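input05.cif follows; it contains mmCIF, C-alpha atoms.
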```
data_my_file
#
loop_
_atom_site.label_atom_id
_atom_site.label_comp_id
_atom_site.auth_asym_id
_atom_site.auth_seq_id
_atom_site.Cartn_x
_atom_site.Cartn_y
_atom_site.Cartn_z
CA MET A 1 0.00 0.00 0.00
CA LYS A 2 1.19 3.50 -0.62
CA ASN A 3 1.62 6.20 1.98
CA SER A 4 0.78 9.46 0.27
CA PRO A 5 -0.74 10.65 -3.01
CA PRO A 6 1.73 10.66 -5.91
CA GLU A 7 3.20 14.00 -6.94
CA TRP A 8 3.75 14.47 -10.65
CA ASP A 9 7.26 15.83 -10.25
CA ARG A 10 8.37 12.76 -8.33
CA ILE A 11 6.83 10.13 -10.60
CA GLU A 12 9.22 8.11 -12.73
CA ILE A 13 8.79 5.64 -15.56
CA GLY A 14 8.25 2.31 -13.87
CA THR A 15 6.66 3.75 -10.72
CA LYS A 16 4.25 1.08 -9.44
CA LEU A 17 0.62 1.93 -8.78
CA GLY A 18 0.15 -0.47 -5.88
CA GLU A 19 -2.65 -2.98 -6.21
CA LEU A 20 -6.36 -3.37 -5.75
CA VAL A 21 -7.98 -6.71 -4.97
CA LYS A 22 -11.63 -7.30 -5.90
CA LYS A 23 -13.68 -10.40 -5.20
CA PRO A 24 -16.81 -10.16 -7.32
CA ASP A 25 -19.67 -12.48 -6.45
CA SER A 26 -22.97 -13.15 -8.20
CA ARG A 27 -24.66 -10.43 -6.12
CA GLN A 28 -22.24 -7.79 -7.28
CA ILE A 29 -22.60 -8.89 -10.90
CA PHE A 30 -26.39 -8.68 -10.46
CA MET A 31 -26.18 -5.21 -8.88
CA PHE A 32 -24.02 -3.92 -11.70
CA SER A 33 -26.38 -5.35 -14.31
CA ALA A 34 -29.26 -3.66 -12.47
CA ILE A 35 -27.69 -0.19 -12.22
CA THR A 36 -26.58 -0.30 -15.87
CA TRP A 37 -29.87 -1.90 -17.05
CA ASN A 38 -27.86 -4.65 -18.70
CA ARG A 39 -30.21 -7.59 -19.14
CA HIS A 40 -27.80 -9.86 -20.95
CA ALA A 41 -28.48 -13.36 -19.57
CA ILE A 42 -24.82 -14.42 -19.36
CA HIS A 43 -24.53 -12.20 -16.28
CA TYR A 44 -27.31 -13.90 -14.24
CA ASP A 45 -28.45 -17.14 -15.92
CA ARG A 46 -25.84 -19.81 -15.21
CA GLN A 47 -27.39 -22.41 -17.54
CA ARG A 48 -27.44 -19.92 -20.37
CA ALA A 49 -23.83 -18.95 -19.68
CA LEU A 50 -22.77 -22.63 -19.64
CA SER A 51 -24.64 -23.28 -22.90
CA GLU A 52 -22.55 -20.53 -24.50
CA GLY A 53 -19.36 -22.23 -23.40
CA LEU A 54 -18.69 -19.88 -20.50
CA PRO A 55 -17.50 -21.28 -17.15
CA ASN A 56 -20.27 -19.55 -15.14
CA VAL A 57 -22.07 -16.22 -15.19
CA VAL A 58 -19.41 -13.68 -16.08
CA VAL A 59 -18.28 -10.33 -14.77
CA GLN A 60 -19.27 -7.54 -17.16
CA ARG A 61 -16.65 -5.84 -19.34
CA ALA A 62 -17.83 -2.53 -17.89
CA LEU A 63 -17.47 -3.72 -14.28
CA ILE A 64 -13.89 -4.75 -15.01
CA GLY A 65 -13.33 -1.24 -16.35
CA ASN A 66 -14.80 0.20 -13.17
CA PHE A 67 -12.42 -1.93 -11.09
CA PHE A 68 -9.54 -0.45 -13.08
CA ALA A 69 -10.96 3.05 -12.52
CA GLN A 70 -11.14 2.39 -8.79
CA PHE A 71 -7.58 1.10 -8.83
CA LEU A 72 -6.35 4.25 -10.59
CA GLU A 73 -8.33 6.55 -8.30
CA GLN A 74 -6.92 4.75 -5.27
CA TRP A 75 -3.45 5.60 -6.52
CA ILE A 76 -3.91 9.19 -7.69
CA GLU A 77 -6.29 10.14 -4.83
CA ALA A 78 -7.16 13.83 -4.95
CA ASN A 79 -4.16 14.77 -7.10
CA GLY A 80 -5.82 14.23 -10.45
CA ASP A 81 -8.39 12.47 -12.60
CA ILE A 82 -8.67 9.71 -15.16
CA LEU A 83 -8.62 11.22 -18.63
CA ARG A 84 -8.62 8.04 -20.68
CA LEU A 85 -8.99 4.39 -19.77
CA GLU A 86 -8.59 1.59 -22.27
CA TRP A 87 -8.99 -2.08 -21.41
CA LYS A 88 -9.45 -5.42 -23.12
CA VAL A 89 -10.96 -8.49 -21.51
CA VAL A 90 -9.04 -11.61 -22.51
CA ARG A 91 -10.51 -14.20 -20.15
CA SER A 92 -13.83 -14.53 -18.34
CA ALA A 93 -13.93 -13.47 -14.70
CA ILE A 94 -16.52 -15.37 -12.68
CA PRO A 95 -18.05 -15.27 -9.17
CA GLY A 96 -15.53 -16.38 -6.57
CA ASP A 97 -12.52 -15.12 -8.47
CA THR A 98 -9.97 -12.98 -6.70
CA LEU A 99 -9.03 -10.26 -9.16
CA THR A 100 -5.94 -8.15 -8.60
CA CYS A 101 -5.22 -4.93 -10.47
CA HIS A 102 -1.59 -3.96 -10.99
CA GLY A 103 0.09 -1.27 -13.00
CA ALA A 104 3.11 0.92 -13.58
CA VAL A 105 3.85 4.28 -15.14
CA SER A 106 4.97 3.94 -18.77
CA LYS A 107 5.10 7.59 -19.82
CA LYS A 108 5.18 11.02 -18.21
CA HIS A 109 4.41 13.93 -20.47
CA MET A 110 3.04 17.46 -20.87
CA GLU A 111 0.33 18.29 -23.37
CA ARG A 112 -1.04 21.83 -23.71
CA GLU A 113 0.53 22.57 -20.34
CA LYS A 114 -1.33 19.67 -18.73
CA LYS A 115 0.62 17.23 -16.61
CA LEU A 116 -0.14 13.72 -17.82
CA VAL A 117 0.94 10.24 -16.82
CA THR A 118 0.26 7.13 -18.88
CA CYS A 119 0.16 3.77 -17.13
CA GLU A 120 0.09 0.17 -18.28
CA ILE A 121 -2.48 -1.75 -16.26
CA GLU A 122 -3.44 -5.38 -15.92
CA MET A 123 -5.77 -7.62 -13.96
CA THR A 124 -5.01 -11.21 -12.99
CA ASN A 125 -7.04 -13.85 -11.18
CA GLN A 126 -6.06 -16.13 -8.28
CA ASN A 127 -4.28 -18.46 -10.73
CA SER A 128 -2.17 -15.59 -12.11
CA GLU A 129 -4.10 -15.79 -15.39
CA TYR A 130 -4.64 -12.54 -17.25
CA ILE A 131 -8.25 -11.34 -17.15
CA ALA A 132 -7.71 -7.92 -18.69
CA SER A 133 -5.04 -5.45 -19.62
CA GLY A 134 -4.98 -1.91 -20.83
CA GLU A 135 -3.62 1.59 -20.61
CA ALA A 136 -4.72 4.66 -18.73
CA THR A 137 -3.87 8.34 -19.00
CA LEU A 138 -4.19 10.38 -15.85
CA ILE A 139 -4.25 14.16 -15.67
CA PHE A 140 -2.65 15.76 -12.64
CA ASP A 141 -3.92 18.94 -11.04
CA SER A 142 -1.28 21.61 -11.28
CA MET B 1 -10.46 -15.33 -47.79
CA GLU B 2 -12.23 -12.33 -46.34
CA ILE B 3 -15.27 -13.01 -44.17
CA GLU B 4 -18.37 -11.35 -45.55
CA ILE B 5 -20.53 -9.17 -43.31
CA PRO B 6 -24.25 -9.41 -44.18
CA ALA B 7 -25.50 -6.29 -46.01
CA GLU B 8 -28.36 -5.81 -43.52
CA ALA B 9 -25.77 -5.58 -40.73
CA LEU B 10 -23.70 -3.01 -42.58
CA THR B 11 -26.74 -0.74 -43.02
CA LEU B 12 -26.76 -0.25 -39.23
CA ILE B 13 -23.37 1.47 -39.25
CA GLY B 14 -23.69 5.16 -38.49
CA VAL B 15 -27.35 5.08 -37.44
CA GLU B 16 -27.47 7.31 -34.37
CA LYS B 17 -29.81 6.86 -31.42
CA GLN B 18 -30.36 9.51 -28.77
CA VAL B 19 -31.76 9.37 -25.28
CA GLU B 20 -31.63 11.80 -22.35
CA TYR B 21 -31.18 11.07 -18.65
CA GLU B 22 -31.09 13.17 -15.52
CA VAL B 23 -28.41 12.28 -12.99
CA ILE B 24 -29.65 11.86 -9.43
CA LYS B 25 -27.76 11.31 -6.18
CA ARG B 26 -29.47 7.98 -5.55
CA ASP B 27 -28.17 6.50 -8.79
CA ILE B 28 -24.62 7.70 -8.12
CA LYS B 29 -24.77 6.11 -4.66
CA ARG B 30 -26.15 2.85 -6.07
CA PHE B 31 -23.59 2.79 -8.88
CA ALA B 32 -20.78 3.19 -6.32
CA GLN B 33 -22.26 0.35 -4.26
CA ALA B 34 -22.51 -1.85 -7.36
CA ILE B 35 -18.84 -1.40 -8.20
CA GLY B 36 -17.89 -1.85 -4.53
CA ASP B 37 -16.42 1.64 -4.12
CA HIS B 38 -17.02 3.07 -0.66
CA ASN B 39 -15.49 6.50 -1.29
CA PRO B 40 -17.74 9.00 0.58
CA LEU B 41 -17.27 11.41 -2.34
CA TYR B 42 -20.03 9.44 -4.02
CA TYR B 43 -22.71 9.81 -1.33
CA ASP B 44 -21.69 12.13 1.54
CA GLU B 45 -22.34 15.81 0.78
CA ASP B 46 -20.48 17.11 3.80
CA TYR B 47 -17.40 15.12 2.87
CA ALA B 48 -17.72 16.06 -0.81
CA MET B 49 -17.69 19.76 0.19
CA THR B 50 -14.18 19.29 1.59
CA THR B 51 -12.85 17.95 -1.72
CA LYS B 52 -11.74 19.84 -4.82
CA TYR B 53 -15.08 19.03 -6.43
CA LYS B 54 -17.13 20.83 -3.71
CA THR B 55 -20.04 18.52 -4.49
CA ILE B 56 -20.90 14.87 -4.79
CA VAL B 57 -19.63 13.61 -8.13
CA ALA B 58 -20.05 10.30 -9.88
CA PRO B 59 -17.42 7.56 -10.24
CA PRO B 60 -15.32 8.06 -13.41
CA LEU B 61 -17.19 5.48 -15.50
CA PHE B 62 -20.66 6.33 -14.18
CA CYS B 63 -21.89 6.92 -17.75
CA HIS B 64 -22.11 3.14 -17.98
CA ALA B 65 -25.32 3.60 -15.96
CA PHE B 66 -27.04 4.91 -19.07
CA ALA B 67 -25.02 3.34 -21.84
CA PHE B 68 -27.75 0.83 -22.69
CA GLU B 69 -31.11 1.76 -24.16
CA ASP B 70 -34.01 1.04 -21.80
CA VAL B 71 -36.28 -0.72 -24.27
CA PRO B 72 -38.94 -3.18 -22.98
CA ILE B 73 -37.54 -6.68 -22.47
CA GLU B 74 -39.66 -8.11 -25.29
CA ASN B 75 -37.73 -5.88 -27.69
CA LEU B 76 -34.42 -7.51 -26.75
CA GLN B 77 -32.95 -10.61 -28.35
CA ALA B 78 -33.54 -13.97 -26.65
CA ASP B 79 -30.26 -13.74 -24.74
CA GLY B 80 -31.18 -10.31 -23.38
CA SER B 81 -28.08 -8.71 -24.87
CA PRO B 82 -28.18 -4.93 -25.31
CA LYS B 83 -30.31 -3.50 -28.12
CA GLU B 84 -27.34 -1.43 -29.27
CA ILE B 85 -25.59 -4.54 -30.54
CA ASP B 86 -28.66 -6.24 -32.01
CA VAL B 87 -26.98 -6.81 -35.35
CA PRO B 88 -27.92 -9.59 -37.80
CA LEU B 89 -24.69 -11.58 -37.84
CA PRO B 90 -24.15 -15.36 -38.14
CA ALA B 91 -22.76 -15.34 -34.58
CA LYS B 92 -24.64 -15.28 -31.31
CA LYS B 93 -22.24 -15.88 -28.43
CA MET B 94 -20.50 -12.96 -26.80
CA VAL B 95 -16.84 -13.23 -25.83
CA GLY B 96 -14.35 -10.83 -24.30
CA GLY B 97 -14.64 -7.27 -25.42
CA ALA B 98 -12.70 -4.08 -25.11
CA SER B 99 -13.30 -0.45 -24.38
CA VAL B 100 -11.79 2.99 -24.61
CA PHE B 101 -13.39 5.41 -22.17
CA GLU B 102 -12.55 9.10 -22.35
CA ASN B 103 -13.53 11.27 -19.45
CA TYR B 104 -13.63 15.04 -19.86
CA ILE B 105 -16.06 16.46 -17.31
CA ARG B 106 -16.96 14.79 -14.05
CA ILE B 107 -20.67 13.96 -13.85
CA LYS B 108 -22.60 15.35 -10.87
CA PRO B 109 -26.17 15.23 -9.53
CA GLY B 110 -28.58 17.35 -11.56
CA ASP B 111 -26.72 16.93 -14.82
CA LYS B 112 -28.90 16.23 -17.82
CA ILE B 113 -27.01 13.84 -20.04
CA LEU B 114 -27.78 13.43 -23.71
CA VAL B 115 -26.55 10.05 -24.89
CA LYS B 116 -25.77 9.65 -28.58
CA ALA B 117 -24.87 6.12 -29.67
CA LYS B 118 -24.00 4.64 -33.02
CA ILE B 119 -22.26 1.62 -34.46
CA LYS B 120 -18.96 2.83 -35.90
CA ASP B 121 -17.81 -0.39 -37.51
CA ILE B 122 -18.54 -4.08 -37.97
CA TYR B 123 -15.78 -6.44 -39.07
CA ALA B 124 -14.75 -10.07 -38.81
CA LYS B 125 -11.59 -12.09 -38.24
CA ARG B 126 -10.80 -15.75 -38.27
CA GLY B 127 -9.94 -16.90 -34.75
CA LYS B 128 -8.57 -20.19 -33.42
CA SER B 129 -12.07 -21.57 -32.88
CA GLY B 130 -13.76 -20.03 -35.90
CA GLU B 131 -14.97 -16.70 -37.14
CA LEU B 132 -15.15 -13.76 -34.76
CA TYR B 133 -17.37 -10.76 -35.42
CA PHE B 134 -16.59 -7.36 -33.95
CA ILE B 135 -19.14 -4.62 -33.35
CA VAL B 136 -17.68 -1.22 -32.48
CA LEU B 137 -20.14 0.98 -30.62
CA GLU B 138 -19.41 4.66 -30.02
CA THR B 139 -21.37 6.38 -27.29
CA CYS B 140 -21.00 10.09 -26.55
CA PHE B 141 -22.35 11.68 -23.38
CA TYR B 142 -23.13 15.41 -23.51
CA ASN B 143 -24.08 17.51 -20.51
CA GLN B 144 -26.75 20.23 -20.32
CA ALA B 145 -24.22 22.80 -21.63
CA ASN B 146 -23.78 20.60 -24.71
CA GLU B 147 -20.21 19.82 -23.65
CA LEU B 148 -18.83 16.35 -24.33
CA ALA B 149 -18.51 14.95 -20.81
CA ALA B 150 -17.44 11.43 -21.73
CA LYS B 151 -17.12 9.11 -24.68
CA GLU B 152 -16.85 5.36 -24.86
CA THR B 153 -15.81 3.28 -27.83
CA ALA B 154 -16.68 -0.29 -26.92
CA THR B 155 -15.89 -3.35 -29.01
CA PHE B 156 -18.19 -6.34 -28.60
CA VAL B 157 -16.99 -9.70 -29.91
CA LYS B 158 -19.36 -12.44 -31.06
CA ARG B 159 -18.64 -15.96 -32.20
CA ILE B 160 -20.76 -18.69 -33.73
#
```
Would you mind writing the structure in this file as structure tokens?
Amino acid sequence: MKNSPPEWDRIEIGTKLGELVKKPDSRQIFMFSAITWNRHAIHYDRQRALSEGLPNVVVQRALIGNFFAQFLEQWIEANGDILRLEWKVVRSAIPGDTLTCHGAVSKKHMEREKKLVTCEIEMTNQNSEYIASGEATLIFDS
Amino acid sequence: MEIEIPAEALTLIGVEKQVEYEVIKRDIKRFAQAIGDHNPLYYDEDYAMTTKYKTIVAPPLFCHAFAFEDVPIENLQADGSPKEIDVPLPAKKMVGGASVFENYIRIKPGDKILVKAKIKDIYAKRGKSGELYFIVLETCFYNQANELAAKETATFVKRI
């Protein structure tokens, strides 16, 4: 865990973002479907999910993105905001999984006098299998 | 050999749909609960006043709350998948997916968000287990000042 919010001037390429562990269960998947009005059966109908070759009901792409957003916000705290978040789901996440977000700074740059940091991010499950990976650009308050 | 996309699918590219939503505190609070984020910035006004935002704001990807059209369930496909990606393709099963979410203005209670969604592209590739079809959906979220608050380009993948 980190001790204080990152300061742009002190960030270096390779700076680690800490980690965030999420343990989605079927209730959380249901709640996210409800609040996003996503009625796709693979998120609540196990038989349907199995018939499509999935291992169980699956965590939504968007919920995985929200886990990444939470992970990035946990790191940057009040010092900035997420400007861009890109992610790709490569393996199904299912209820009971332990998902861990990791990441590191890959670029530090100024654009139109804005202080930006780009990070490579990834999410693995309890078996160290990749669930998702991506890239985020954070904008720091000056 | 290139995989052919049915002509009736291609006609859906560029067709824009619009819908408007008003952001309320309750939905921000419920969204934060659904993603398991207990940051008081999302529900506690007194705390929010002490932050740089000076108000409750929504989690960064809150626009997902109104990314899908709220059509009656009988208007959805049998698998309940979102209307936005109801595209006549010879593939039914959804796999993986990807997204690029751009965030320009933090959403707050009282905002009136105009959602404009359209399919940007449909293409196919041959994967290890057969043909994969990709639907690229672009959704723009404008606030009441007609400023682009957020934009998502989501890629849905379907296989046979």
* Specify as a ChimeraX atom specification each residue included when the PyMOL selection byres ((chain B) within 8 of (chain A)) is applied to this file. => /B:27,30-31,34-37,51-52,60-61,64-68,70,79-82,93,96-104
* Around (-28.2, -14.3, -34.2) in the file's own coordinates, what residues are found within 12 Å if you use all atoms listed in the file, given back as a count of residues only? -> 22
* Can you list, as a VMD selection string, the residues that the PyMOL selection byres ((chain B and resi 111-120) around 9) selects here? -> chain B and resid 12 to 24 63 66 to 67 84 to 85 107 to 110 121 to 122 135 to 146 149 153
* Write out as number ranges by chain the residues lying within 6 Å of range 18-21 of chain A, counting only C-alpha atoms and excluding same-chain residues fewer than 5 positions away. => A: 1, 71, 99-102
* Asked: Which value, in Å to one decimal, gives the distance between CA of Ser4 in chain A and CA of Lys25 in chain B?
  -> 29.3 Å
Just need the box for range 108-119 of chain B, edges along x, y and z, holding every atom the file lists for it with 8 Å tacked onto each side, so centre and edge lengths in Å to one decimal, as AutoDock Vina command-line options.
```
--center_x -25.6 --center_y 9.5 --center_z -22.0 --size_x 22.6 --size_y 31.7 --size_z 40.9
```
* To do: Identify which of the residues A:Asp9, A:Asp97, A:Leu17, A:Arg112 lies closest to Glu129 in chain A, counting only C-alpha atoms when measuring atom-to-atom distances.
  =>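 When distances to Glu129 in chain A are compared using only C-alpha atoms, the smallest one comes from A:Asp97.
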Selection in question (the file shown): the PyMOL selection byres ((chain A and resi 115) around 12). Which residues does it include, as an mmCIF file with C-alpha atoms, in the frame of the given file?
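Output file expr.cif is given in full below:
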```cif
data_model
loop_
_atom_site.group_PDB
_atom_site.id
_atom_site.type_symbol
_atom_site.label_atom_id
_atom_site.label_comp_id
_atom_site.auth_asym_id
_atom_site.auth_seq_id
_atom_site.Cartn_x
_atom_site.Cartn_y
_atom_site.Cartn_z
ATOM 1 C CA GLU A 7 3.200 14.000 -6.940
ATOM 2 C CA TRP A 8 3.750 14.470 -10.650
ATOM 3 C CA ASP A 9 7.260 15.830 -10.250
ATOM 4 C CA ILE A 11 6.830 10.130 -10.600
ATOM 5 C CA ASN A 79 -4.160 14.770 -7.100
ATOM 6 C CA GLY A 80 -5.820 14.230 -10.450
ATOM 7 C CA ASP A 81 -8.390 12.470 -12.600
ATOM 8 C CA LEU A 83 -8.620 11.220 -18.630
ATOM 9 C CA LYS A 107 5.100 7.590 -19.820
ATOM 10 C CA LYS A 108 5.180 11.020 -18.210
ATOM 11 C CA HIS A 109 4.410 13.930 -20.470
ATOM 12 C CA MET A 110 3.040 17.460 -20.870
ATOM 13 C CA GLU A 111 0.330 18.290 -23.370
ATOM 14 C CA ARG A 112 -1.040 21.830 -23.710
ATOM 15 C CA GLU A 113 0.530 22.570 -20.340
ATOM 16 C CA LYS A 114 -1.330 19.670 -18.730
ATOM 17 C CA LEU A 116 -0.140 13.720 -17.820
ATOM 18 C CA VAL A 117 0.940 10.240 -16.820
ATOM 19 C CA THR A 118 0.260 7.130 -18.880
ATOM 20 C CA THR A 137 -3.870 8.340 -19.000
ATOM 21 C CA LEU A 138 -4.190 10.380 -15.850
ATOM 22 C CA ILE A 139 -4.250 14.160 -15.670
ATOM 23 C CA PHE A 140 -2.650 15.760 -12.640
ATOM 24 C CA ASP A 141 -3.920 18.940 -11.040
ATOM 25 C CA SER A 142 -1.280 21.610 -11.280
#
```
* Interatomic distance between CA of Gly127 in chain B and CA of Val157 in chain B? -> 11.2 Å
* Enter the distance from CA of Cys119 in chain A to CA of Thr98 in chain A, in Å, rounded to one decimal. =>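 Value for the CA of Cys119 in chain A-CA of Thr98 in chain A distance: 22.2 Å.
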With the input short on atoms, add N, CA and C atoms back to range 110-131 of chain A and write it as a PDB file, in the frame of the given file.
```pdb
ATOM      1  N   MET A 110       3.845  16.234 -20.945  1.00  0.00           N
ATOM      2  CA  MET A 110       3.040  17.460 -20.870  1.00  0.00           C
ATOM      3  C   MET A 110       2.335  17.630 -22.202  1.00  0.00           C
ATOM      4  N   GLU A 111       1.070  17.984 -22.134  1.00  0.00           N
ATOM      5  CA  GLU A 111       0.330  18.290 -23.370  1.00  0.00           C
ATOM      6  C   GLU A 111      -0.501  19.527 -23.104  1.00  0.00           C
ATOM      7  N   ARG A 112      -0.322  20.556 -23.907  1.00  0.00           N
ATOM      8  CA  ARG A 112      -1.040  21.830 -23.710  1.00  0.00           C
ATOM      9  C   ARG A 112      -0.961  22.268 -22.247  1.00  0.00           C
ATOM     10  N   GLU A 113       0.237  22.167 -21.716  1.00  0.00           N
ATOM     11  CA  GLU A 113       0.530  22.570 -20.340  1.00  0.00           C
ATOM     12  C   GLU A 113      -0.173  21.733 -19.289  1.00  0.00           C
ATOM     13  N   LYS A 114      -0.707  20.590 -19.693  1.00  0.00           N
ATOM     14  CA  LYS A 114      -1.330  19.670 -18.730  1.00  0.00           C
ATOM     15  C   LYS A 114      -0.322  18.581 -18.368  1.00  0.00           C
ATOM     16  N   LYS A 115      -0.293  18.270 -17.081  1.00  0.00           N
ATOM     17  CA  LYS A 115       0.620  17.230 -16.610  1.00  0.00           C
ATOM     18  C   LYS A 115      -0.070  15.870 -16.721  1.00  0.00           C
ATOM     19  N   LEU A 116       0.483  15.011 -17.569  1.00  0.00           N
ATOM     20  CA  LEU A 116      -0.140  13.720 -17.820  1.00  0.00           C
ATOM     21  C   LEU A 116       0.799  12.575 -17.461  1.00  0.00           C
ATOM     22  N   VAL A 117       0.181  11.468 -17.066  1.00  0.00           N
ATOM     23  CA  VAL A 117       0.940  10.240 -16.820  1.00  0.00           C
ATOM     24  C   VAL A 117       0.178   9.106 -17.484  1.00  0.00           C
ATOM     25  N   THR A 118       0.880   8.300 -18.254  1.00  0.00           N
ATOM     26  CA  THR A 118       0.260   7.130 -18.880  1.00  0.00           C
ATOM     27  C   THR A 118       0.752   5.883 -18.147  1.00  0.00           C
ATOM     28  N   CYS A 119      -0.166   4.976 -17.904  1.00  0.00           N
ATOM     29  CA  CYS A 119       0.160   3.770 -17.130  1.00  0.00           C
ATOM     30  C   CYS A 119      -0.285   2.524 -17.882  1.00  0.00           C
ATOM     31  N   GLU A 120       0.507   1.484 -17.790  1.00  0.00           N
ATOM     32  CA  GLU A 120       0.090   0.170 -18.280  1.00  0.00           C
ATOM     33  C   GLU A 120      -0.588  -0.520 -17.096  1.00  0.00           C
ATOM     34  N   ILE A 121      -1.748  -1.112 -17.350  1.00  0.00           N
ATOM     35  CA  ILE A 121      -2.480  -1.750 -16.260  1.00  0.00           C
ATOM     36  C   ILE A 121      -2.863  -3.173 -16.651  1.00  0.00           C
ATOM     37  N   GLU A 122      -3.026  -4.003 -15.637  1.00  0.00           N
ATOM     38  CA  GLU A 122      -3.440  -5.380 -15.920  1.00  0.00           C
ATOM     39  C   GLU A 122      -4.206  -5.937 -14.723  1.00  0.00           C
ATOM     40  N   MET A 123      -4.993  -6.959 -15.012  1.00  0.00           N
ATOM     41  CA  MET A 123      -5.770  -7.620 -13.960  1.00  0.00           C
ATOM     42  C   MET A 123      -5.557  -9.115 -14.100  1.00  0.00           C
ATOM     43  N   THR A 124      -5.211  -9.753 -12.985  1.00  0.00           N
ATOM     44  CA  THR A 124      -5.010 -11.210 -12.990  1.00  0.00           C
ATOM     45  C   THR A 124      -5.970 -11.841 -11.987  1.00  0.00           C
ATOM     46  N   ASN A 125      -6.203 -13.135 -12.164  1.00  0.00           N
ATOM     47  CA  ASN A 125      -7.040 -13.850 -11.180  1.00  0.00           C
ATOM     48  C   ASN A 125      -6.156 -14.610 -10.192  1.00  0.00           C
ATOM     49  N   GLN A 126      -6.787 -15.409  -9.338  1.00  0.00           N
ATOM     50  CA  GLN A 126      -6.060 -16.130  -8.280  1.00  0.00           C
ATOM     51  C   GLN A 126      -5.076 -17.162  -8.826  1.00  0.00           C
ATOM     52  N   ASN A 127      -5.217 -17.508 -10.111  1.00  0.00           N
ATOM     53  CA  ASN A 127      -4.280 -18.460 -10.730  1.00  0.00           C
ATOM     54  C   ASN A 127      -3.217 -17.743 -11.557  1.00  0.00           C
ATOM     55  N   SER A 128      -3.115 -16.437 -11.364  1.00  0.00           N
ATOM     56  CA  SER A 128      -2.170 -15.590 -12.110  1.00  0.00           C
ATOM     57  C   SER A 128      -2.449 -15.586 -13.611  1.00  0.00           C
ATOM     58  N   GLU A 129      -3.705 -15.872 -13.976  1.00  0.00           N
ATOM     59  CA  GLU A 129      -4.100 -15.790 -15.390  1.00  0.00           C
ATOM     60  C   GLU A 129      -4.561 -14.373 -15.684  1.00  0.00           C
ATOM     61  N   TYR A 130      -4.229 -13.892 -16.876  1.00  0.00           N
ATOM     62  CA  TYR A 130      -4.640 -12.540 -17.250  1.00  0.00           C
ATOM     63  C   TYR A 130      -6.139 -12.499 -17.533  1.00  0.00           C
ATOM     64  N   ILE A 131      -6.823 -11.583 -16.895  1.00  0.00           N
ATOM     65  CA  ILE A 131      -8.250 -11.340 -17.150  1.00  0.00           C
ATOM     66  C   ILE A 131      -8.395 -10.159 -18.104  1.00  0.00           C
TER      67      ILE A 131
END
```
